[in-house]
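Coordinates as given in entry.pdb (PDB, C-alpha atoms, pLDDT in the B column):
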```
ATOM      1  CA  MET A  62     -36.871  -6.967   0.575  1.00 43.00           C
ATOM      2  CA  ALA A  63     -37.615  -7.468  -3.090  1.00 49.00           C
ATOM      3  CA  LYS A  64     -36.460  -4.689  -5.341  1.00 67.00           C
ATOM      4  CA  HIS A  65     -36.964  -3.983  -8.987  1.00 78.00           C
ATOM      5  CA  TRP A  66     -33.298  -4.427  -9.870  1.00 93.00           C
ATOM      6  CA  ASN A  67     -32.428  -4.755 -13.521  1.00 95.00           C
ATOM      7  CA  ILE A  68     -28.938  -5.905 -14.537  1.00 97.00           C
ATOM      8  CA  GLN A  69     -27.268  -4.824 -17.763  1.00 96.00           C
ATOM      9  CA  TRP A  70     -23.829  -5.691 -19.139  1.00 97.00           C
ATOM     10  CA  SER A  71     -21.511  -3.885 -21.484  1.00 95.00           C
ATOM     11  CA  LYS A  72     -18.130  -4.865 -22.894  1.00 95.00           C
ATOM     12  CA  GLY A  73     -15.328  -2.366 -23.388  1.00 93.00           C
ATOM     13  CA  LYS A  74     -16.490   1.230 -23.580  1.00 86.00           C
ATOM     14  CA  GLN A  75     -19.750   0.537 -25.408  1.00 88.00           C
ATOM     15  CA  ASN A  76     -22.863   1.529 -23.454  1.00 89.00           C
ATOM     16  CA  THR A  77     -20.905   2.536 -20.352  1.00 91.00           C
ATOM     17  CA  THR A  78     -22.336   6.040 -19.924  1.00 94.00           C
ATOM     18  CA  ASP A  79     -24.335   5.012 -16.846  1.00 96.00           C
ATOM     19  CA  ALA A  80     -21.443   3.034 -15.321  1.00 96.00           C
ATOM     20  CA  PHE A  81     -19.044   5.948 -15.806  1.00 96.00           C
ATOM     21  CA  TYR A  82     -21.641   8.381 -14.411  1.00 95.00           C
ATOM     22  CA  ILE A  83     -21.941   6.351 -11.191  1.00 97.00           C
ATOM     23  CA  ARG A  84     -18.172   5.907 -10.872  1.00 96.00           C
ATOM     24  CA  GLY A  85     -17.602   9.626 -11.420  1.00 95.00           C
ATOM     25  CA  LEU A  86     -20.117  10.560  -8.732  1.00 95.00           C
ATOM     26  CA  VAL A  87     -18.904   8.042  -6.146  1.00 96.00           C
ATOM     27  CA  PHE A  88     -15.164   7.911  -6.670  1.00 94.00           C
ATOM     28  CA  MET A  89     -14.385  11.403  -7.990  1.00 93.00           C
ATOM     29  CA  VAL A  90     -17.020  13.752  -6.554  1.00 92.00           C
ATOM     30  CA  GLU A  91     -17.762  11.974  -3.267  1.00 93.00           C
ATOM     31  CA  GLN A  92     -14.367  10.373  -2.494  1.00 94.00           C
ATOM     32  CA  GLY A  93     -11.965  12.732  -4.272  1.00 89.00           C
ATOM     33  CA  PHE A  94     -10.134  10.299  -6.575  1.00 92.00           C
ATOM     34  CA  GLN A  95      -8.655  11.781  -9.734  1.00 91.00           C
ATOM     35  CA  ASP A  96      -7.506   8.754 -11.751  1.00 86.00           C
ATOM     36  CA  GLU A  97     -10.819   6.915 -12.032  1.00 91.00           C
ATOM     37  CA  PHE A  98     -10.863   5.939 -15.690  1.00 91.00           C
ATOM     38  CA  ASP A  99      -8.098   3.870 -17.268  1.00 93.00           C
ATOM     39  CA  ASP A 100      -7.160   1.644 -20.203  1.00 94.00           C
ATOM     40  CA  LEU A 101      -8.585  -1.382 -18.356  1.00 95.00           C
ATOM     41  CA  ASP A 102     -12.098  -0.075 -19.056  1.00 96.00           C
ATOM     42  CA  GLU A 103     -11.565  -0.969 -22.717  1.00 95.00           C
ATOM     43  CA  LYS A 104     -11.128  -4.691 -21.985  1.00 96.00           C
ATOM     44  CA  SER A 105     -13.546  -4.968 -19.058  1.00 97.00           C
ATOM     45  CA  TRP A 106     -17.024  -6.353 -18.700  1.00 97.00           C
ATOM     46  CA  HIS A 107     -19.102  -3.686 -16.915  1.00 98.00           C
ATOM     47  CA  VAL A 108     -22.218  -4.539 -14.928  1.00 98.00           C
ATOM     48  CA  ILE A 109     -24.798  -1.847 -14.174  1.00 98.00           C
ATOM     49  CA  VAL A 110     -27.676  -2.209 -11.712  1.00 97.00           C
ATOM     50  CA  TYR A 111     -30.821  -0.206 -12.394  1.00 97.00           C
ATOM     51  CA  ASP A 112     -33.770   0.564 -10.138  1.00 95.00           C
ATOM     52  CA  HIS A 113     -36.857   1.424 -12.210  1.00 92.00           C
ATOM     53  CA  GLY A 114     -34.610   2.515 -15.081  1.00 92.00           C
ATOM     54  CA  GLU A 115     -32.233   4.617 -12.963  1.00 94.00           C
ATOM     55  CA  PRO A 116     -28.589   3.499 -12.685  1.00 97.00           C
ATOM     56  CA  VAL A 117     -27.682   2.918  -9.024  1.00 97.00           C
ATOM     57  CA  GLY A 118     -24.546   0.745  -8.961  1.00 98.00           C
ATOM     58  CA  THR A 119     -21.768  -0.642 -11.117  1.00 98.00           C
ATOM     59  CA  GLY A 120     -18.590  -2.698 -11.210  1.00 98.00           C
ATOM     60  CA  ARG A 121     -16.227  -4.266 -13.721  1.00 98.00           C
ATOM     61  CA  THR A 122     -14.211  -7.417 -14.317  1.00 98.00           C
ATOM     62  CA  TYR A 123     -11.299  -8.170 -16.596  1.00 98.00           C
ATOM     63  CA  GLU A 124      -8.611 -10.788 -17.062  1.00 97.00           C
ATOM     64  CA  GLU A 125      -4.941  -9.895 -16.973  1.00 93.00           C
ATOM     65  CA  ASN A 126      -2.091 -12.405 -17.220  1.00 90.00           C
ATOM     66  CA  GLY A 127      -4.454 -15.273 -16.430  1.00 88.00           C
ATOM     67  CA  VAL A 128      -5.888 -13.606 -13.318  1.00 93.00           C
ATOM     68  CA  TRP A 129      -9.444 -12.256 -13.112  1.00 98.00           C
ATOM     69  CA  HIS A 130      -9.955  -8.951 -11.313  1.00 98.00           C
ATOM     70  CA  ILE A 131     -13.124  -7.255 -10.154  1.00 98.00           C
ATOM     71  CA  GLY A 132     -13.229  -3.628  -9.183  1.00 96.00           C
ATOM     72  CA  ARG A 133     -14.653  -0.158  -9.500  1.00 96.00           C
ATOM     73  CA  ILE A 134     -17.569  -1.487  -7.472  1.00 97.00           C
ATOM     74  CA  CYS A 135     -19.688   1.411  -6.271  1.00 97.00           C
ATOM     75  CA  VAL A 136     -23.249   2.192  -5.307  1.00 97.00           C
ATOM     76  CA  LEU A 137     -24.978   5.565  -5.171  1.00 97.00           C
ATOM     77  CA  GLU A 138     -25.319   6.805  -1.614  1.00 96.00           C
ATOM     78  CA  ASN A 139     -29.123   6.463  -1.418  1.00 96.00           C
ATOM     79  CA  TYR A 140     -28.846   2.754  -2.324  1.00 96.00           C
ATOM     80  CA  ARG A 141     -26.117   1.656   0.061  1.00 95.00           C
ATOM     81  CA  GLY A 142     -27.070  -1.000   2.587  1.00 94.00           C
ATOM     82  CA  LYS A 143     -29.821  -2.358   0.337  1.00 95.00           C
ATOM     83  CA  GLY A 144     -27.944  -5.295  -1.200  1.00 95.00           C
ATOM     84  CA  VAL A 145     -26.855  -3.577  -4.422  1.00 97.00           C
ATOM     85  CA  GLY A 146     -23.139  -4.040  -3.699  1.00 97.00           C
ATOM     86  CA  ARG A 147     -23.614  -7.743  -3.001  1.00 97.00           C
ATOM     87  CA  LEU A 148     -25.668  -8.062  -6.202  1.00 97.00           C
ATOM     88  CA  ILE A 149     -22.844  -6.427  -8.195  1.00 98.00           C
ATOM     89  CA  VAL A 150     -20.198  -8.743  -6.685  1.00 98.00           C
ATOM     90  CA  GLU A 151     -22.356 -11.831  -7.329  1.00 97.00           C
ATOM     91  CA  ASN A 152     -22.931 -10.844 -10.956  1.00 98.00           C
ATOM     92  CA  LEU A 153     -19.235 -10.118 -11.529  1.00 98.00           C
ATOM     93  CA  GLU A 154     -18.296 -13.501 -10.023  1.00 98.00           C
ATOM     94  CA  GLN A 155     -20.869 -15.231 -12.235  1.00 98.00           C
ATOM     95  CA  LYS A 156     -19.413 -13.521 -15.325  1.00 98.00           C
ATOM     96  CA  VAL A 157     -15.911 -14.695 -14.345  1.00 98.00           C
ATOM     97  CA  LYS A 158     -17.236 -18.264 -13.966  1.00 97.00           C
ATOM     98  CA  GLU A 159     -18.931 -18.047 -17.381  1.00 97.00           C
ATOM     99  CA  LEU A 160     -15.571 -16.997 -18.829  1.00 96.00           C
ATOM    100  CA  LYS A 161     -13.883 -20.022 -17.172  1.00 96.00           C
ATOM    101  CA  GLY A 162     -12.176 -18.075 -14.381  1.00 96.00           C
ATOM    102  CA  THR A 163     -11.652 -19.797 -11.023  1.00 95.00           C
ATOM    103  CA  THR A 164     -10.056 -17.092  -8.859  1.00 96.00           C
ATOM    104  CA  VAL A 165     -10.927 -13.423  -8.445  1.00 97.00           C
ATOM    105  CA  GLU A 166      -8.663 -10.732  -7.037  1.00 98.00           C
ATOM    106  CA  LEU A 167      -9.541  -7.180  -6.080  1.00 98.00           C
ATOM    107  CA  SER A 168      -8.086  -4.072  -4.521  1.00 97.00           C
ATOM    108  CA  ALA A 169     -10.373  -3.027  -1.675  1.00 97.00           C
ATOM    109  CA  GLN A 170     -10.492   0.285   0.087  1.00 96.00           C
ATOM    110  CA  VAL A 171      -9.635  -0.626   3.681  1.00 96.00           C
ATOM    111  CA  GLN A 172     -12.954   0.900   4.820  1.00 94.00           C
ATOM    112  CA  ALA A 173     -14.736  -1.676   2.571  1.00 96.00           C
ATOM    113  CA  GLU A 174     -12.674  -4.703   3.661  1.00 97.00           C
ATOM    114  CA  GLY A 175     -15.476  -6.018   5.902  1.00 97.00           C
ATOM    115  CA  PHE A 176     -17.938  -5.955   2.995  1.00 97.00           C
ATOM    116  CA  TYR A 177     -15.622  -8.111   0.887  1.00 97.00           C
ATOM    117  CA  LYS A 178     -14.877 -10.478   3.782  1.00 98.00           C
ATOM    118  CA  ARG A 179     -18.638 -11.023   4.195  1.00 97.00           C
ATOM    119  CA  ASN A 180     -18.687 -11.911   0.488  1.00 97.00           C
ATOM    120  CA  GLY A 181     -15.977 -14.552   0.852  1.00 98.00           C
ATOM    121  CA  TYR A 182     -12.807 -12.592   0.078  1.00 98.00           C
ATOM    122  CA  THR A 183      -9.564 -12.993   2.030  1.00 98.00           C
ATOM    123  CA  PRO A 184      -7.026 -10.176   2.396  1.00 98.00           C
ATOM    124  CA  TYR A 185      -3.363 -10.777   1.551  1.00 97.00           C
ATOM    125  CA  GLY A 186      -0.251  -8.628   1.575  1.00 96.00           C
ATOM    126  CA  GLU A 187       0.242  -5.241   3.162  1.00 97.00           C
ATOM    127  CA  VAL A 188      -2.024  -2.201   3.134  1.00 97.00           C
ATOM    128  CA  TYR A 189      -0.952   0.245   0.407  1.00 96.00           C
ATOM    129  CA  GLN A 190      -1.999   3.689  -0.774  1.00 94.00           C
ATOM    130  CA  ASP A 191      -3.956   4.282  -3.969  1.00 90.00           C
ATOM    131  CA  GLU A 192      -4.031   8.043  -4.378  1.00 89.00           C
ATOM    132  CA  HIS A 193      -5.076   9.270  -0.898  1.00 88.00           C
ATOM    133  CA  CYS A 194      -6.797   6.079   0.241  1.00 94.00           C
ATOM    134  CA  PRO A 195      -5.453   2.927   1.968  1.00 97.00           C
ATOM    135  CA  HIS A 196      -6.222  -0.313   0.083  1.00 97.00           C
ATOM    136  CA  ILE A 197      -5.716  -4.040   0.671  1.00 98.00           C
ATOM    137  CA  ALA A 198      -5.457  -6.801  -1.928  1.00 98.00           C
ATOM    138  CA  MET A 199      -8.046  -9.570  -1.531  1.00 98.00           C
ATOM    139  CA  ARG A 200      -8.909 -12.803  -3.371  1.00 98.00           C
ATOM    140  CA  LYS A 201     -11.568 -15.477  -3.560  1.00 98.00           C
ATOM    141  CA  GLU A 202     -11.641 -18.940  -5.096  1.00 96.00           C
ATOM    142  CA  LEU A 203     -14.859 -19.407  -7.036  1.00 95.00           C
TER
END
```

Let's see the structure in the file written out as structure tokens.
Amino acid sequence: MAKHWNIQWSKGKQNTTDAFYIRGLVFMVEQGFQDEFDDLDEKSWHVIVYDHGEPVGTGRTYEENGVWHIGRICVLENYRGKGVGRLIVENLEQKVKELKGTTVELSAQVQAEGFYKRNGYTPYGEVYQDEHCPHIAMRKEL
């Protein structure tokens, strides 16, 4: 179904109010994480998806030691299952390609592993805890 999605980008911590709002609601309020914001935000590209001007989803990408990472991908509850998460992943992958990256890695909540597999990611390594939540490392060749 066609939606009125609008995509906006920000670099570092400029114009990230909406991204941080969504992340705070999803990861801190809804899921109970405490360490949501970190120094990586400063060097990340942040994508924000809007529906009729309202922020509904976000994610970030950054390069570290020659490896591109995507993460902090989240969608407001009312918009889940409507393709917003896939749209975020696709836009993050496109940004990595634009910046000459060829491989993307991420740290997935185990409950979201199926979503990332459907988007071409392969798990590797052992399941590990991040705060109270089990995670698995995943990667994709672009």

Could you list the residues chosen by the PyMOL selection byres ((chain A and resi 74-80) around 9) in this structure as a count of residues only?
23

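Once the PyMOL selection byres ((chain A and resi 166-172) around 8) is applied to the shown structure, the selection contains Val128, Trp129, His130, Ile131, Gly132, Thr164, Val165, Ala173, Glu174, Gly175, Tyr177, Val188, Cys194, Pro195, His196, Ile197, Ala198, Met199, Arg200 and Lys201 of chain A.
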
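For the pair atom CA of A:Asp112 and atom CA of A:Arg179, the interatomic distance is 23.8 Å.
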
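When atom CA of A:Lys178 is paired with atom CA of A:Glu159, their separation reads 22.8 Å.
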
A:Thr163, A:Met89, A:Gly127, A:Asn180 ranked by distance to A:Gly146, top pick (using all atoms listed in the file):
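Nearest candidate to A:Gly146 out of A:Thr163, A:Met89, A:Gly127, A:Asn180: A:Asn180.
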
Go ahead and compute the interatomic distance for atom CA of A:Lys143 and atom CA of A:Tyr123, in Å to one decimal.
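One can read the atom CA of A:Lys143 to atom CA of A:Tyr123 distance as 25.8 Å.
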
Build an axis-aligned box that encloses every atom of stretch 152-166 of chain A listed in the file, pad it by 6 Å on each side, and report its centre and edge lengths in Å to one decimal, as AutoDock Vina command-line options.
```
--center_x -15.8 --center_y -15.1 --center_z -12.9 --size_x 26.3 --size_y 21.9 --size_z 23.8
```

Nearest to A:Leu160: which of A:Tyr111, A:Glu202, A:Thr122, A:Phe98 is it, counting only C-alpha atoms?
A:Thr122

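Once A:Glu192 and its same-chain neighbours fewer than 3 positions away are set aside, A:Phe94, A:Gln95, A:Asp96, A:Pro195 remain within 9 Å of it when counting only C-alpha atoms.
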
Could those residues be written to a file, using C-alpha atoms, as a CSV table (one decimal), in the frame of the given file?
```
chain,number,residue,atom,x,y,z
A,94,PHE,CA,-10.1,10.3,-6.6
A,95,GLN,CA,-8.7,11.8,-9.7
A,96,ASP,CA,-7.5,8.8,-11.8
A,195,PRO,CA,-5.5,2.9,2.0
```

Would you be able to write out as an NGL selection string which residues have an atom within 6 Å of (-15.8, 2.5, -9.0) in the file's coordinates, counting only C-alpha atoms?
:A and (84 or 88 or 133-135)

Long-range neighbours of A:Gly114 as number ranges by chain, 10 Å cut-off, all atoms listed in the file, 4 positions minimum in chain
A: 65-67, 110

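Counting only C-alpha atoms, the residue from A:Asn126, A:Trp106, A:Val87, A:Lys158 that sits nearest to A:Arg141 is A:Val87.
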
Could stretch 160-185 of chain A be completed with N, CA and C atoms and written as a CSV table (one decimal), in the coordinates of the input, please?
```
chain,number,residue,atom,x,y,z
A,160,LEU,N,-16.8,-17.2,-18.0
A,160,LEU,CA,-15.6,-17.0,-18.8
A,160,LEU,C,-14.4,-17.9,-18.4
A,161,LYS,N,-14.8,-18.9,-17.6
A,161,LYS,CA,-13.9,-20.0,-17.2
A,161,LYS,C,-12.8,-19.6,-16.2
A,162,GLY,N,-13.1,-18.5,-15.5
A,162,GLY,CA,-12.2,-18.1,-14.4
A,162,GLY,C,-12.5,-18.8,-13.1
A,163,THR,N,-11.5,-19.0,-12.3
A,163,THR,CA,-11.7,-19.8,-11.0
A,163,THR,C,-11.3,-19.0,-9.8
A,164,THR,N,-10.5,-17.9,-10.0
A,164,THR,CA,-10.1,-17.1,-8.9
A,164,THR,C,-10.3,-15.6,-9.2
A,165,VAL,N,-10.7,-14.8,-8.2
A,165,VAL,CA,-10.9,-13.4,-8.4
A,165,VAL,C,-10.1,-12.7,-7.4
A,166,GLU,N,-9.4,-11.6,-7.9
A,166,GLU,CA,-8.7,-10.7,-7.0
A,166,GLU,C,-9.3,-9.3,-7.1
A,167,LEU,N,-9.1,-8.6,-6.1
A,167,LEU,CA,-9.5,-7.2,-6.1
A,167,LEU,C,-8.7,-6.3,-5.2
A,168,SER,N,-8.8,-5.0,-5.4
A,168,SER,CA,-8.1,-4.1,-4.5
A,168,SER,C,-9.2,-3.3,-3.8
A,169,ALA,N,-9.3,-3.6,-2.5
A,169,ALA,CA,-10.4,-3.0,-1.7
A,169,ALA,C,-9.9,-1.8,-0.9
A,170,GLN,N,-10.7,-0.8,-0.9
A,170,GLN,CA,-10.5,0.3,0.1
A,170,GLN,C,-10.6,-0.4,1.5
A,171,VAL,N,-9.7,0.0,2.4
A,171,VAL,CA,-9.6,-0.6,3.7
A,171,VAL,C,-11.0,-0.5,4.4
A,172,GLN,N,-11.6,0.7,4.2
A,172,GLN,CA,-13.0,0.9,4.8
A,172,GLN,C,-14.0,-0.1,4.3
A,173,ALA,N,-13.8,-0.7,3.1
A,173,ALA,CA,-14.7,-1.7,2.6
A,173,ALA,C,-14.3,-3.1,2.8
A,174,GLU,N,-13.2,-3.3,3.5
A,174,GLU,CA,-12.7,-4.7,3.7
A,174,GLU,C,-13.7,-5.6,4.3
A,175,GLY,N,-14.5,-5.2,5.3
A,175,GLY,CA,-15.5,-6.0,5.9
A,175,GLY,C,-16.5,-6.5,4.9
A,176,PHE,N,-16.9,-5.6,4.0
A,176,PHE,CA,-17.9,-6.0,3.0
A,176,PHE,C,-17.4,-7.1,2.2
A,177,TYR,N,-16.2,-7.0,1.7
A,177,TYR,CA,-15.6,-8.1,0.9
A,177,TYR,C,-15.4,-9.4,1.7
A,178,LYS,N,-15.0,-9.3,2.9
A,178,LYS,CA,-14.9,-10.5,3.8
A,178,LYS,C,-16.2,-11.2,3.9
A,179,ARG,N,-17.3,-10.4,4.1
A,179,ARG,CA,-18.6,-11.0,4.2
A,179,ARG,C,-19.0,-11.7,2.9
A,180,ASN,N,-18.4,-11.3,1.8
A,180,ASN,CA,-18.7,-11.9,0.5
A,180,ASN,C,-17.6,-13.0,0.1
A,181,GLY,N,-16.9,-13.4,1.1
A,181,GLY,CA,-16.0,-14.6,0.9
A,181,GLY,C,-14.5,-14.2,0.4
A,182,TYR,N,-14.2,-13.0,0.5
A,182,TYR,CA,-12.8,-12.6,0.1
A,182,TYR,C,-11.9,-12.6,1.3
A,183,THR,N,-10.6,-12.9,1.0
A,183,THR,CA,-9.6,-13.0,2.0
A,183,THR,C,-8.5,-12.0,1.7
A,184,PRO,N,-8.1,-11.1,2.7
A,184,PRO,CA,-7.0,-10.2,2.4
A,184,PRO,C,-5.7,-10.9,2.3
A,185,TYR,N,-4.7,-10.3,1.6
A,185,TYR,CA,-3.4,-10.8,1.6
A,185,TYR,C,-2.4,-9.6,1.3
```
